[in-house]
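Quick notes on the structure that follows.
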Amino acid sequence: MTGTVMIIGASRGIGLELARQYAADGWRVHATTRTPDRPGTLGRLIGDLVLHELDVRRADQTTALAAAVASEGIDLLIHNAGVMDRGLSSEEVMAINAEAPIRVTQALVDVVRRSREKKIVLMTSQLGARYGSKRRLGTYGESKAALNDRFRELAPTWGAEGLIAIVMHPGWVRTDMGGRGATLSVEESVTGMRRVFASLTAAEHGCFLTWDGRKHAW
Ligand SMILES: NC(=O)c1ccc[n+]([C@@H]2O[C@H](COP(=O)([O-])OP(=O)(O)OC[C@H]3O[C@@H](n4cnc5c(N)ncnc54)[C@H](OP(=O)(O)O)[C@@H]3O)[C@@H](O)[C@H]2O)c1
């Protein structure tokens, strides 16, 4: 099956591999980058690919993105953009990892609702799970935990609108963020996640899932 996918944060790492695999499989791909004038590898991908400019903190660019796709349906919206806390203030990490995914998704909900599949994926991390641990989550973990909390508040509304939305842990992946010592290649992580996205039904709506299809504790 093919359809239309939008990947928020596709310039490198997991987002770039998502764009590559979906485009290679014949999907229409809307990919966002902060630097569409210097797209690098993203600009050389082969397929039905449309690039959009988006820094997820920019409300004006978010509005322009929603307007650009207003006449289309987005079957699968993946909010992938995220940052570690290296060199950034906790306010910046919160703005990018916790607030932006919700705000950008809210701006695009109508376009997703108009599609056949109506699926939304927000990229979180197992480092944002609060369960059974007294450990400090740290700035990055707190930002992903805040995203998970907000997602759980909104999930009933989105479910009532017929959407199928999840938060996803992509595994520990060899990207700029995950580092060279991580256990998974981007190809393995993205291949696994795409399998999970393809098989999502209303039964999984509101869940925290991992790249290989397991349920993760909150
Ligand atoms: N890698 C892992 O092991 C791992 C594990 C758990 C969760 N995750 C999550 O998976 C997602 C992707 O991670 P990754 O490993 O692919 O990271 P990455 O290689 O560091 O790539 C991060 C992506 O996010 C984009 N981004 C960052 N800040 C942005 C902003 N303000 N506006 C728009 N885009 C922005 C980057 O764009 P630029 O190129 O413009 O900076 C880049 O495309 C993140 O949400 C991350 O938290 C990753």
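Residues in the structure tokens are numbered from 1 in each chain, the chains being A, B, ... in the order shown, and ligands are numbered from 1 in the order shown.
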
Polymer residues at most 8 Å from stretch 66-82 of chain A, only C-alpha atoms, same-chain spacing of 5 or more positions, as a compact mmCIF listing (two decimals) with C-alpha atoms, in the first residue's frame:
```
# COMPACT_ATOMS: atom_id res chain seq x y z
CA GLY A 3 -0.19 6.91 0.31
CA THR A 4 0.97 10.35 1.36
CA VAL A 5 3.36 10.78 4.27
CA MET A 6 4.62 13.95 5.90
CA ILE A 7 7.90 13.78 7.80
CA ILE A 8 8.66 16.69 10.12
CA GLY A 9 12.46 16.91 10.48
CA ALA A 10 13.82 14.96 7.49
CA ILE A 14 15.92 8.82 11.20
CA GLY A 15 13.83 11.43 9.36
CA VAL A 56 9.32 23.59 14.44
CA ILE A 96 11.49 21.64 20.44
CA ASN A 97 10.83 18.21 21.98
CA PRO A 101 5.28 18.24 18.23
CA THR A 105 0.43 18.29 14.81
CA ALA A 107 -1.99 22.61 12.86
CA LEU A 108 -2.07 19.57 10.56
CA VAL A 111 -5.24 17.48 6.71
CA VAL A 112 -4.69 14.09 8.36
CA ARG A 113 -8.39 13.74 9.10
CA ARG A 114 -9.17 14.18 5.40
CA SER A 115 -6.98 11.18 4.44
CA ARG A 116 -7.75 7.48 4.15
CA GLU A 117 -5.37 6.21 6.87
CA LYS A 118 -5.54 9.09 9.40
CA LYS A 119 -2.35 8.10 11.27
CA ILE A 120 -0.15 10.28 13.49
CA VAL A 121 3.21 9.32 14.99
CA LEU A 122 5.12 11.46 17.48
CA MET A 123 8.74 10.43 18.03
```

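Every protein or nucleic acid residue with an atom no more than 8 Å from A:Thr210, counting only C-alpha atoms and leaving out same-chain residues fewer than 2 positions away, appears here: A:Met168, A:His169, A:Pro170, A:Gly171, A:Met193, A:Phe208, A:Asp212, A:Gly213, A:Arg214, A:Lys215, A:His216.
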
Query raised in the report: So, counting only C-alpha atoms, which residue among A:Thr124, A:Glu153, A:Glu17, A:Asp48 is closest to A:Gly141?
Result: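 The answer is A:Thr124, which sits nearest to A:Gly141.
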
Requested in this report: Could you please write out, as an NGL selection string, every residue of stretch 26-67 of chain A that DSSP assigns to strand (DSSP E or B)?
Outcome: :A and (28-33 or 48-53)

Store the residues picked out above, limited to C-alpha atoms, as a short mmCIF file (atom, residue, chain, number, x, y, z; two decimals), in the first residue's frame.
```cif
data_model
loop_
_atom_site.label_atom_id
_atom_site.label_comp_id
_atom_site.auth_asym_id
_atom_site.auth_seq_id
_atom_site.Cartn_x
_atom_site.Cartn_y
_atom_site.Cartn_z
CA ARG A 28 4.17 10.83 -1.99
CA VAL A 29 6.52 12.36 0.59
CA HIS A 30 6.21 15.83 2.12
CA ALA A 31 9.51 16.36 3.96
CA THR A 32 10.39 19.34 6.12
CA THR A 33 13.83 20.78 6.72
CA ASP A 48 7.62 11.97 -5.42
CA LEU A 49 9.17 14.29 -2.86
CA VAL A 50 8.10 17.82 -1.87
CA LEU A 51 10.37 19.83 0.45
CA HIS A 52 9.01 22.41 2.89
CA GLU A 53 10.82 24.84 5.16
#
```

DSSP alpha helix (DSSP H) selection over stretch 3-212 of chain A, as an mmCIF file with N, CA, C and O atoms, in the first residue's frame:
```
data_model
loop_
_atom_site.group_PDB
_atom_site.id
_atom_site.type_symbol
_atom_site.label_atom_id
_atom_site.label_comp_id
_atom_site.auth_asym_id
_atom_site.auth_seq_id
_atom_site.Cartn_x
_atom_site.Cartn_y
_atom_site.Cartn_z
ATOM 1 N N GLY A 13 19.566 11.675 9.732
ATOM 2 C CA GLY A 13 19.201 10.670 10.735
ATOM 3 C C GLY A 13 17.946 9.890 10.370
ATOM 4 O O GLY A 13 17.716 9.533 9.214
ATOM 5 N N ILE A 14 17.123 9.649 11.363
ATOM 6 C CA ILE A 14 15.921 8.816 11.197
ATOM 7 C C ILE A 14 14.945 9.446 10.200
ATOM 8 O O ILE A 14 14.368 8.749 9.352
ATOM 9 N N GLY A 15 14.775 10.758 10.260
ATOM 10 C CA GLY A 15 13.835 11.430 9.359
ATOM 11 C C GLY A 15 14.236 11.289 7.901
ATOM 12 O O GLY A 15 13.385 11.050 7.028
ATOM 13 N N LEU A 16 15.529 11.423 7.631
ATOM 14 C CA LEU A 16 16.023 11.274 6.256
ATOM 15 C C LEU A 16 15.782 9.846 5.757
ATOM 16 O O LEU A 16 15.345 9.641 4.614
ATOM 17 N N GLU A 17 16.028 8.852 6.596
ATOM 18 C CA GLU A 17 15.831 7.456 6.189
ATOM 19 C C GLU A 17 14.343 7.146 5.991
ATOM 20 O O GLU A 17 13.970 6.391 5.087
ATOM 21 N N LEU A 18 13.485 7.756 6.824
ATOM 22 C CA LEU A 18 12.035 7.601 6.598
ATOM 23 C C LEU A 18 11.666 8.143 5.220
ATOM 24 O O LEU A 18 10.949 7.490 4.451
ATOM 25 N N ALA A 19 12.166 9.340 4.892
ATOM 26 C CA ALA A 19 11.867 9.937 3.581
ATOM 27 C C ALA A 19 12.395 9.043 2.462
ATOM 28 O O ALA A 19 11.703 8.805 1.470
ATOM 29 N N ARG A 20 13.612 8.547 2.625
ATOM 30 C CA ARG A 20 14.219 7.705 1.578
ATOM 31 C C ARG A 20 13.387 6.449 1.342
ATOM 32 O O ARG A 20 13.044 6.110 0.206
ATOM 33 N N GLN A 21 13.037 5.748 2.432
ATOM 34 C CA GLN A 21 12.322 4.475 2.269
ATOM 35 C C GLN A 21 10.911 4.692 1.711
ATOM 36 O O GLN A 21 10.471 3.942 0.837
ATOM 37 N N TYR A 22 10.189 5.681 2.221
ATOM 38 C CA TYR A 22 8.824 5.901 1.714
ATOM 39 C C TYR A 22 8.855 6.334 0.243
ATOM 40 O O TYR A 22 8.048 5.862 -0.566
ATOM 41 N N ALA A 23 9.803 7.216 -0.115
ATOM 42 C CA ALA A 23 9.891 7.659 -1.514
ATOM 43 C C ALA A 23 10.241 6.478 -2.416
ATOM 44 O O ALA A 23 9.649 6.306 -3.487
ATOM 45 N N ALA A 24 11.170 5.637 -1.978
ATOM 46 C CA ALA A 24 11.578 4.477 -2.784
ATOM 47 C C ALA A 24 10.426 3.496 -2.966
ATOM 48 O O ALA A 24 10.365 2.775 -3.963
ATOM 49 N N ALA A 59 5.944 29.586 14.394
ATOM 50 C CA ALA A 59 4.493 29.512 14.155
ATOM 51 C C ALA A 59 4.145 29.907 12.726
ATOM 52 O O ALA A 59 3.261 29.316 12.104
ATOM 53 N N ASP A 60 4.856 30.925 12.173
ATOM 54 C CA ASP A 60 4.546 31.374 10.804
ATOM 55 C C ASP A 60 4.836 30.275 9.785
ATOM 56 O O ASP A 60 4.060 30.044 8.853
ATOM 57 N N GLN A 61 5.947 29.560 9.963
ATOM 58 C CA GLN A 61 6.288 28.481 9.029
ATOM 59 C C GLN A 61 5.330 27.292 9.183
ATOM 60 O O GLN A 61 5.015 26.603 8.217
ATOM 61 N N THR A 62 4.856 27.066 10.395
ATOM 62 C CA THR A 62 3.893 25.979 10.629
ATOM 63 C C THR A 62 2.582 26.294 9.908
ATOM 64 O O THR A 62 1.998 25.424 9.241
ATOM 65 N N THR A 63 2.138 27.544 10.015
ATOM 66 C CA THR A 63 0.915 27.971 9.324
ATOM 67 C C THR A 63 1.082 27.826 7.812
ATOM 68 O O THR A 63 0.183 27.329 7.113
ATOM 69 N N ALA A 64 2.240 28.240 7.293
ATOM 70 C CA ALA A 64 2.500 28.147 5.847
ATOM 71 C C ALA A 64 2.525 26.689 5.395
ATOM 72 O O ALA A 64 2.012 26.350 4.314
ATOM 73 N N LEU A 65 3.080 25.806 6.224
ATOM 74 C CA LEU A 65 3.129 24.376 5.878
ATOM 75 C C LEU A 65 1.713 23.808 5.783
ATOM 76 O O LEU A 65 1.369 23.108 4.817
ATOM 77 N N ALA A 66 0.871 24.133 6.770
ATOM 78 C CA ALA A 66 -0.509 23.624 6.757
ATOM 79 C C ALA A 66 -1.250 24.141 5.519
ATOM 80 O O ALA A 66 -1.993 23.392 4.870
ATOM 81 N N ALA A 67 -1.002 25.409 5.162
ATOM 82 C CA ALA A 67 -1.664 25.992 3.980
ATOM 83 C C ALA A 67 -1.179 25.304 2.706
ATOM 84 O O ALA A 67 -1.970 25.059 1.782
ATOM 85 N N ALA A 68 0.113 24.954 2.655
ATOM 86 C CA ALA A 68 0.682 24.355 1.441
ATOM 87 C C ALA A 68 0.081 22.977 1.136
ATOM 88 O O ALA A 68 0.048 22.562 -0.017
ATOM 89 N N SER A 90 17.352 24.330 28.820
ATOM 90 C CA SER A 90 16.219 23.415 29.026
ATOM 91 C C SER A 90 14.953 23.990 28.388
ATOM 92 O O SER A 90 14.106 23.241 27.895
ATOM 93 N N GLU A 91 14.837 25.325 28.326
ATOM 94 C CA GLU A 91 13.669 25.943 27.671
ATOM 95 C C GLU A 91 13.643 25.600 26.186
ATOM 96 O O GLU A 91 12.587 25.283 25.628
ATOM 97 N N GLU A 92 14.832 25.657 25.544
ATOM 98 C CA GLU A 92 14.895 25.333 24.111
ATOM 99 C C GLU A 92 14.559 23.865 23.867
ATOM 100 O O GLU A 92 13.833 23.518 22.931
ATOM 101 N N VAL A 93 15.073 22.983 24.728
ATOM 102 C CA VAL A 93 14.814 21.542 24.556
ATOM 103 C C VAL A 93 13.322 21.266 24.733
ATOM 104 O O VAL A 93 12.712 20.520 23.957
ATOM 105 N N MET A 94 12.724 21.897 25.739
ATOM 106 C CA MET A 94 11.272 21.731 25.953
ATOM 107 C C MET A 94 10.473 22.245 24.755
ATOM 108 O O MET A 94 9.522 21.606 24.300
ATOM 109 N N ALA A 100 6.593 21.757 20.480
ATOM 110 C CA ALA A 100 6.438 21.818 19.014
ATOM 111 C C ALA A 100 5.694 20.606 18.432
ATOM 112 O O ALA A 100 4.823 20.791 17.573
ATOM 113 N N PRO A 101 5.989 19.377 18.852
ATOM 114 C CA PRO A 101 5.279 18.245 18.228
ATOM 115 C C PRO A 101 3.764 18.359 18.354
ATOM 116 O O PRO A 101 3.026 18.033 17.428
ATOM 117 N N ILE A 102 3.307 18.872 19.498
ATOM 118 C CA ILE A 102 1.863 19.007 19.710
ATOM 119 C C ILE A 102 1.316 20.156 18.869
ATOM 120 O O ILE A 102 0.301 20.013 18.171
ATOM 121 N N ARG A 103 2.018 21.295 18.884
ATOM 122 C CA ARG A 103 1.525 22.466 18.148
ATOM 123 C C ARG A 103 1.513 22.218 16.641
ATOM 124 O O ARG A 103 0.531 22.513 15.957
ATOM 125 N N VAL A 104 2.603 21.629 16.127
ATOM 126 C CA VAL A 104 2.684 21.354 14.681
ATOM 127 C C VAL A 104 1.613 20.334 14.291
ATOM 128 O O VAL A 104 0.925 20.485 13.276
ATOM 129 N N THR A 105 1.437 19.314 15.114
ATOM 130 C CA THR A 105 0.430 18.288 14.809
ATOM 131 C C THR A 105 -0.977 18.885 14.832
ATOM 132 O O THR A 105 -1.785 18.607 13.939
ATOM 133 N N GLN A 106 -1.250 19.723 15.820
ATOM 134 C CA GLN A 106 -2.585 20.357 15.887
ATOM 135 C C GLN A 106 -2.867 21.160 14.618
ATOM 136 O O GLN A 106 -3.990 21.177 14.115
ATOM 137 N N ALA A 107 -1.811 21.805 14.081
ATOM 138 C CA ALA A 107 -1.986 22.613 12.863
ATOM 139 C C ALA A 107 -2.296 21.740 11.651
ATOM 140 O O ALA A 107 -2.862 22.225 10.669
ATOM 141 N N LEU A 108 -1.923 20.459 11.722
ATOM 142 C CA LEU A 108 -2.065 19.572 10.564
ATOM 143 C C LEU A 108 -3.170 18.517 10.734
ATOM 144 O O LEU A 108 -3.407 17.713 9.825
ATOM 145 N N VAL A 109 -3.839 18.542 11.870
ATOM 146 C CA VAL A 109 -4.826 17.509 12.170
ATOM 147 C C VAL A 109 -5.933 17.429 11.108
ATOM 148 O O VAL A 109 -6.341 16.339 10.703
ATOM 149 N N ASP A 110 -6.379 18.589 10.622
ATOM 150 C CA ASP A 110 -7.456 18.583 9.622
ATOM 151 C C ASP A 110 -7.016 17.886 8.337
ATOM 152 O O ASP A 110 -7.805 17.185 7.708
ATOM 153 N N VAL A 111 -5.760 18.095 7.948
ATOM 154 C CA VAL A 111 -5.245 17.476 6.714
ATOM 155 C C VAL A 111 -5.137 15.958 6.895
ATOM 156 O O VAL A 111 -5.382 15.192 5.967
ATOM 157 N N VAL A 112 -4.767 15.528 8.081
ATOM 158 C CA VAL A 112 -4.691 14.087 8.357
ATOM 159 C C VAL A 112 -6.106 13.496 8.385
ATOM 160 O O VAL A 112 -6.353 12.417 7.837
ATOM 161 N N ARG A 113 -7.013 14.233 8.986
ATOM 162 C CA ARG A 113 -8.394 13.737 9.103
ATOM 163 C C ARG A 113 -9.047 13.530 7.735
ATOM 164 O O ARG A 113 -9.897 12.679 7.574
ATOM 165 N N GLY A 138 16.618 13.839 33.579
ATOM 166 C CA GLY A 138 17.478 14.767 32.839
ATOM 167 C C GLY A 138 16.623 15.618 31.906
ATOM 168 O O GLY A 138 15.434 15.349 31.701
ATOM 169 N N THR A 139 17.238 16.636 31.317
ATOM 170 C CA THR A 139 16.479 17.582 30.491
ATOM 171 C C THR A 139 15.832 16.893 29.298
ATOM 172 O O THR A 139 14.651 17.106 28.995
ATOM 173 N N TYR A 140 16.598 16.064 28.605
ATOM 174 C CA TYR A 140 16.050 15.376 27.420
ATOM 175 C C TYR A 140 14.894 14.456 27.818
ATOM 176 O O TYR A 140 13.818 14.503 27.219
ATOM 177 N N GLY A 141 15.125 13.638 28.846
ATOM 178 C CA GLY A 141 14.080 12.711 29.297
ATOM 179 C C GLY A 141 12.830 13.456 29.766
ATOM 180 O O GLY A 141 11.703 13.062 29.446
ATOM 181 N N GLU A 142 13.035 14.555 30.505
ATOM 182 C CA GLU A 142 11.885 15.351 30.965
ATOM 183 C C GLU A 142 11.093 15.906 29.786
ATOM 184 O O GLU A 142 9.863 15.974 29.832
ATOM 185 N N SER A 143 11.804 16.295 28.729
ATOM 186 C CA SER A 143 11.094 16.873 27.575
ATOM 187 C C SER A 143 10.249 15.801 26.876
ATOM 188 O O SER A 143 9.117 16.063 26.463
ATOM 189 N N LYS A 144 10.786 14.594 26.768
ATOM 190 C CA LYS A 144 10.015 13.524 26.126
ATOM 191 C C LYS A 144 8.882 13.044 27.059
ATOM 192 O O LYS A 144 7.795 12.702 26.583
ATOM 193 N N ALA A 145 9.127 13.070 28.372
ATOM 194 C CA ALA A 145 8.055 12.714 29.320
ATOM 195 C C ALA A 145 6.917 13.728 29.226
ATOM 196 O O ALA A 145 5.733 13.364 29.258
ATOM 197 N N ALA A 146 7.269 15.015 29.088
ATOM 198 C CA ALA A 146 6.241 16.059 28.954
ATOM 199 C C ALA A 146 5.457 15.860 27.655
ATOM 200 O O ALA A 146 4.234 16.051 27.618
ATOM 201 N N LEU A 147 6.152 15.472 26.590
ATOM 202 C CA LEU A 147 5.463 15.181 25.319
ATOM 203 C C LEU A 147 4.481 14.019 25.516
ATOM 204 O O LEU A 147 3.326 14.077 25.085
ATOM 205 N N ASN A 148 4.953 12.959 26.173
ATOM 206 C CA ASN A 148 4.078 11.798 26.409
ATOM 207 C C ASN A 148 2.837 12.201 27.217
ATOM 208 O O ASN A 148 1.722 11.769 26.920
ATOM 209 N N ASP A 149 3.051 13.030 28.250
ATOM 210 C CA ASP A 149 1.928 13.467 29.101
ATOM 211 C C ASP A 149 0.887 14.221 28.284
ATOM 212 O O ASP A 149 -0.310 13.985 28.384
ATOM 213 N N ARG A 150 1.371 15.153 27.463
ATOM 214 C CA ARG A 150 0.457 15.971 26.649
ATOM 215 C C ARG A 150 -0.270 15.088 25.626
ATOM 216 O O ARG A 150 -1.462 15.276 25.368
ATOM 217 N N PHE A 151 0.482 14.135 25.061
ATOM 218 C CA PHE A 151 -0.122 13.209 24.093
ATOM 219 C C PHE A 151 -1.268 12.432 24.749
ATOM 220 O O PHE A 151 -2.348 12.279 24.166
ATOM 221 N N ARG A 152 -1.038 11.961 25.978
ATOM 222 C CA ARG A 152 -2.077 11.165 26.649
ATOM 223 C C ARG A 152 -3.309 12.011 26.973
ATOM 224 O O ARG A 152 -4.428 11.508 26.993
ATOM 225 N N GLU A 153 -3.093 13.302 27.227
ATOM 226 C CA GLU A 153 -4.244 14.193 27.452
ATOM 227 C C GLU A 153 -5.072 14.352 26.179
ATOM 228 O O GLU A 153 -6.301 14.414 26.216
ATOM 229 N N LEU A 154 -4.369 14.453 25.034
ATOM 230 C CA LEU A 154 -5.056 14.742 23.766
ATOM 231 C C LEU A 154 -5.606 13.498 23.080
ATOM 232 O O LEU A 154 -6.492 13.601 22.223
ATOM 233 N N ALA A 155 -5.076 12.326 23.416
ATOM 234 C CA ALA A 155 -5.425 11.099 22.684
ATOM 235 C C ALA A 155 -6.938 10.836 22.630
ATOM 236 O O ALA A 155 -7.457 10.471 21.560
ATOM 237 N N PRO A 156 -7.687 11.037 23.729
ATOM 238 C CA PRO A 156 -9.135 10.781 23.628
ATOM 239 C C PRO A 156 -9.815 11.673 22.575
ATOM 240 O O PRO A 156 -10.660 11.194 21.820
ATOM 241 N N THR A 157 -9.419 12.949 22.507
ATOM 242 C CA THR A 157 -10.000 13.859 21.504
ATOM 243 C C THR A 157 -9.656 13.392 20.097
ATOM 244 O O THR A 157 -10.520 13.316 19.220
ATOM 245 N N TRP A 158 -8.384 13.075 19.880
ATOM 246 C CA TRP A 158 -7.963 12.640 18.550
ATOM 247 C C TRP A 158 -8.635 11.314 18.177
ATOM 248 O O TRP A 158 -9.030 11.114 17.028
ATOM 249 N N GLY A 159 -8.778 10.441 19.138
ATOM 250 C CA GLY A 159 -9.451 9.160 18.868
ATOM 251 C C GLY A 159 -10.903 9.369 18.463
ATOM 252 O O GLY A 159 -11.403 8.732 17.528
ATOM 253 N N ALA A 160 -11.584 10.300 19.156
ATOM 254 C CA ALA A 160 -12.991 10.581 18.846
ATOM 255 C C ALA A 160 -13.133 11.164 17.442
ATOM 256 O O ALA A 160 -14.189 11.062 16.816
ATOM 257 N N VAL A 186 20.071 3.008 11.098
ATOM 258 C CA VAL A 186 18.831 3.733 10.751
ATOM 259 C C VAL A 186 17.946 2.869 9.868
ATOM 260 O O VAL A 186 16.721 2.905 9.987
ATOM 261 N N GLU A 187 18.562 2.061 8.992
ATOM 262 C CA GLU A 187 17.762 1.212 8.088
ATOM 263 C C GLU A 187 16.925 0.225 8.907
ATOM 264 O O GLU A 187 15.733 0.045 8.639
ATOM 265 N N GLU A 188 17.570 -0.420 9.908
ATOM 266 C CA GLU A 188 16.833 -1.398 10.738
ATOM 267 C C GLU A 188 15.693 -0.731 11.495
ATOM 268 O O GLU A 188 14.568 -1.236 11.530
ATOM 269 N N SER A 189 15.996 0.414 12.139
ATOM 270 C CA SER A 189 14.978 1.099 12.930
ATOM 271 C C SER A 189 13.800 1.519 12.050
ATOM 272 O O SER A 189 12.631 1.266 12.377
ATOM 273 N N VAL A 190 14.113 2.135 10.917
ATOM 274 C CA VAL A 190 13.042 2.665 10.057
ATOM 275 C C VAL A 190 12.254 1.526 9.399
ATOM 276 O O VAL A 190 11.022 1.596 9.290
ATOM 277 N N THR A 191 12.929 0.472 9.001
ATOM 278 C CA THR A 191 12.210 -0.681 8.426
ATOM 279 C C THR A 191 11.228 -1.242 9.457
ATOM 280 O O THR A 191 10.072 -1.533 9.148
ATOM 281 N N GLY A 192 11.695 -1.358 10.705
ATOM 282 C CA GLY A 192 10.823 -1.877 11.769
ATOM 283 C C GLY A 192 9.661 -0.941 12.039
ATOM 284 O O GLY A 192 8.505 -1.367 12.131
ATOM 285 N N MET A 193 9.952 0.352 12.131
ATOM 286 C CA MET A 193 8.873 1.314 12.427
ATOM 287 C C MET A 193 7.849 1.355 11.302
ATOM 288 O O MET A 193 6.640 1.422 11.563
ATOM 289 N N ARG A 194 8.311 1.286 10.062
ATOM 290 C CA ARG A 194 7.357 1.334 8.937
ATOM 291 C C ARG A 194 6.412 0.138 8.984
ATOM 292 O O ARG A 194 5.234 0.239 8.644
ATOM 293 N N ARG A 195 6.949 -1.004 9.418
ATOM 294 C CA ARG A 195 6.088 -2.194 9.557
ATOM 295 C C ARG A 195 5.008 -1.922 10.622
ATOM 296 O O ARG A 195 3.846 -2.250 10.443
ATOM 297 N N VAL A 196 5.426 -1.306 11.726
ATOM 298 C CA VAL A 196 4.474 -0.979 12.802
ATOM 299 C C VAL A 196 3.429 0.024 12.298
ATOM 300 O O VAL A 196 2.227 -0.167 12.490
ATOM 301 N N PHE A 197 3.877 1.075 11.604
ATOM 302 C CA PHE A 197 2.933 2.103 11.115
ATOM 303 C C PHE A 197 1.908 1.471 10.168
ATOM 304 O O PHE A 197 0.728 1.802 10.205
ATOM 305 N N ALA A 198 2.393 0.548 9.326
ATOM 306 C CA ALA A 198 1.494 -0.055 8.323
ATOM 307 C C ALA A 198 0.406 -0.891 8.991
ATOM 308 O O ALA A 198 -0.704 -0.992 8.463
ATOM 309 N N SER A 199 0.720 -1.481 10.132
ATOM 310 C CA SER A 199 -0.250 -2.392 10.747
ATOM 311 C C SER A 199 -1.073 -1.728 11.854
ATOM 312 O O SER A 199 -1.868 -2.394 12.523
#
```

Query raised in the report: Between A:Leu137, A:Val167, A:Leu45, A:Ala217, which has the minimum distance to ligand 1 (counting only C-alpha atoms and all ligand atoms)?
Result: A:Val167

Query - Proximity to A:Ile166 - best of A:Ala202, A:Ile46, A:Leu127, A:Val83, only C-alpha atoms - result: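 Of all the options, A:Ala202 lies closest to A:Ile166.
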